[in-house]
Amino acid sequence: MTAATRASPVEATANDPGWKRVCGLLALFAIVYGARLWIVDACGSPVPFWDQWDVEWRKLFGPFLRGELSLSHFLQAHNEHRVVLTRLLALGLLQLDGMWDPRLEMVVNAAIAAGSATLMAHLLLLEIGGAWWRPVVSAVALLWALPYGFENTIWGIQSVVYFMVLFSFLALWGLACGPPYSIRWWIGLASAFLACLTMASGFLAGLVVVACRCLAIALNRRTWRTHWLTLLVCLVCAAVSLLLTPHVSKHEVLHAKGLRYFLESLFKHLSWPATRQPVAFLLFQVPLFANARALFREKSPQPARWFLLGLGIWAVLQAGILAYGRGGLGWGPQSRYQDPLAIGFLASFVALLLEWPRINRWIRYGWILFALVGLIQGASHDLRRSLPQQRQHMLEQVRRCQTYVESHDPGVLSASLQFLDIPYPDPEMLRGYLDDPGVRRILLFIPGQEANARWPTQIAKCLLKGSRGILLLGIFGLLASLLPKRGTLKRNQECTS
């Protein structure tokens, strides 16, 4: 067979019918949603946890039920963050359901995470070409289904993380390389603004867009007229968000204790998921550097290269902020901080696909080895230790809170053997919350009050019961969509013979 008639695996994949890619994306959603629902069903608590008592009840639900809610309640800071979108979501669920149901919030958050994963895979394929849909969809399904971010999965208030990741991704997709005033550009602009209404690091998306646009001007000065508006808007958005970020003095004890510990923590964050091998970042950054090198060499760089460059820079900055703000004595990333790090790893994987022939094979093998070892180690630790511990804490918190509601014995809350035996750090303040008649009317975990919940809670209960089935349906659907046609497989065998 001549070279002209030989087809690469990518070219063969490009001939797949469009419905197979659609089925693959739907299966991706089912896998991620089913996996996260399974975790919620096993470990999710009906008792509000930690910051939920302050953010949702004291600063939102309480004023709302008393008729005192105003715009300032949505905009006020919580620690370093302004969680506007999370407050809107929580209040909407309270209105729909009539009860305060943290597990309902977790079910909705799982849908946001699964929908975000599906959308991100679709947008990546739009940029790099649909021929890569098999490895991209498979990688996103694996990354977003693993339980490394279980703290976000079983904490209702953590929709803030999913919103930040989603809108930052959309901002970079729309603004890093999108034509000004196009639909894509407007989506990116709106997303850059919405990202600032999530976590304190939401401003980074606008900052990265500014960096990418400045680099584009440096490579071709004649294009500055097409970039100036994007630069101006993103600079203003990032600057305002940064200026409105409050300083929280009580969190200074969590900051990196010097340059050594900052770098140690940074290397662990950049090496995600292989945080136990903190030199892995040297391999994980190679594909991104190869992508940047190709971008500088090409006369007309593809939009995909700008997009991957933006995602890589964003992930490095996220790692830097986490290493500084939560680095302590060289600490690695906690569970609730790992979802943003997965974006950098995904960008590195996609760059590895694109630059595969131009990267040394030993680097390719090392990349794959560290990635697999890190994912397996992390999943094993979470499934064998972290999640069982979380389940025990959940059962103990429910037992203690229900017992206190029935007995009003303060010793039930104060005589805790472990830090997480109760769902709030201060037993006295927790007593005050549980004694409040207003909050007791909407607490779902109090015996006899589950019947007051409306259809959203009932749907959430059905979804949680069917979580295993949803996961299995997604796995079988993805496997079926990944299998090539018999004719395609035969042609590939002929091409390699």
# chains A, B, ... in the order shown; residues from 1 in each chain; ligands from 1
$ residues_around --residues "segment 394-399 of chain A" --least-positions-apart "2" --cutoff "10 Å" --atoms "only C-alpha atoms" --output "list of chain:residue names"
A:Ala42, A:Cys43, A:Gly44, A:Ser45, A:Pro46, A:Val47, A:Pro48, A:Phe49, A:Ile154, A:Pro388, A:Gln389, A:Gln390, A:Arg391, A:Gln392, A:Cys401, A:Gln402, A:Thr403, A:Tyr404, A:Val412, A:Leu413, A:Ser416, A:Leu420, A:Asp421, A:Ile422, A:Pro423, A:Tyr424, A:Phe445, A:Ile446
$ residues_around --residues "Phe262 of chain A" --least-positions-apart "2" --cutoff "9 Å" --atoms "only C-alpha atoms" --output "ChimeraX atom specification"
/A:255-260,264-267,320,323-324,327-331
$ closest_residue --among "A:Leu464, A:Phe203, A:Pro301, A:Thr86" --to "Asn220 of chain A" --atoms "only C-alpha atoms"
A:Pro301
$ atom_distance --atom1 "atom CA of Ile363 of chain A" --atom2 "atom CA of Ala274 of chain A"
15.4 Å
$ closest_residue --among "A:Val439, A:Trp50, A:Gly92, A:Ser467" --to "Leu65 of chain A" --atoms "only C-alpha atoms"
A:Val439
$ closest_residue --among "A:Trp173, A:Ala460, A:Val405, A:Leu143" --to "Pro437 of chain A" --atoms "only C-alpha atoms"
A:Val405
$ closest_residue --among "A:Leu288, A:Leu322, A:Ala451, A:Leu146" --to "Leu353 of chain A" --atoms "only C-alpha atoms"
A:Leu288
$ select_by_dssp --residues "segment 221-274 of chain A" --states "alpha helix (DSSP H)" --output "number ranges by chain"
A: 224-243, 259-270
$ atom_distance --atom1 "atom CA of Leu243 of chain A" --atom2 "atom CA of Val160 of chain A"
19.7 Å
$ atom_distance --atom1 "atom CA of Ala315 of chain A" --atom2 "atom CA of Trp38 of chain A"
28.2 Å
$ residues_around --residues "Ala176 of chain A" --least-positions-apart "3" --cutoff "8 Å" --atoms "only C-alpha atoms" --output "PyMOL selection string"
chain A and resi 171-173+208-209+212-213+306-307+310
$ closest_residue --among "A:Gln277, A:Ser241, A:Asn291, A:Gln458" --to "Glu80 of chain A" --atoms "only C-alpha atoms"
A:Ser241
$ residues_around --residues "Arg441 of chain A" --least-positions-apart "2" --cutoff "10 Å" --atoms "only C-alpha atoms" --output "list in words"
Gly98, Met99, Trp100, Asp436, Pro437, Gly438, Val439, Leu443, Leu444, Ile446, Gln449 and Asn452 of chain A
$ closest_residue --among "A:Leu219, A:Leu71, A:Gly312, A:Leu189" --to "Leu232 of chain A" --atoms "only C-alpha atoms"
A:Leu189
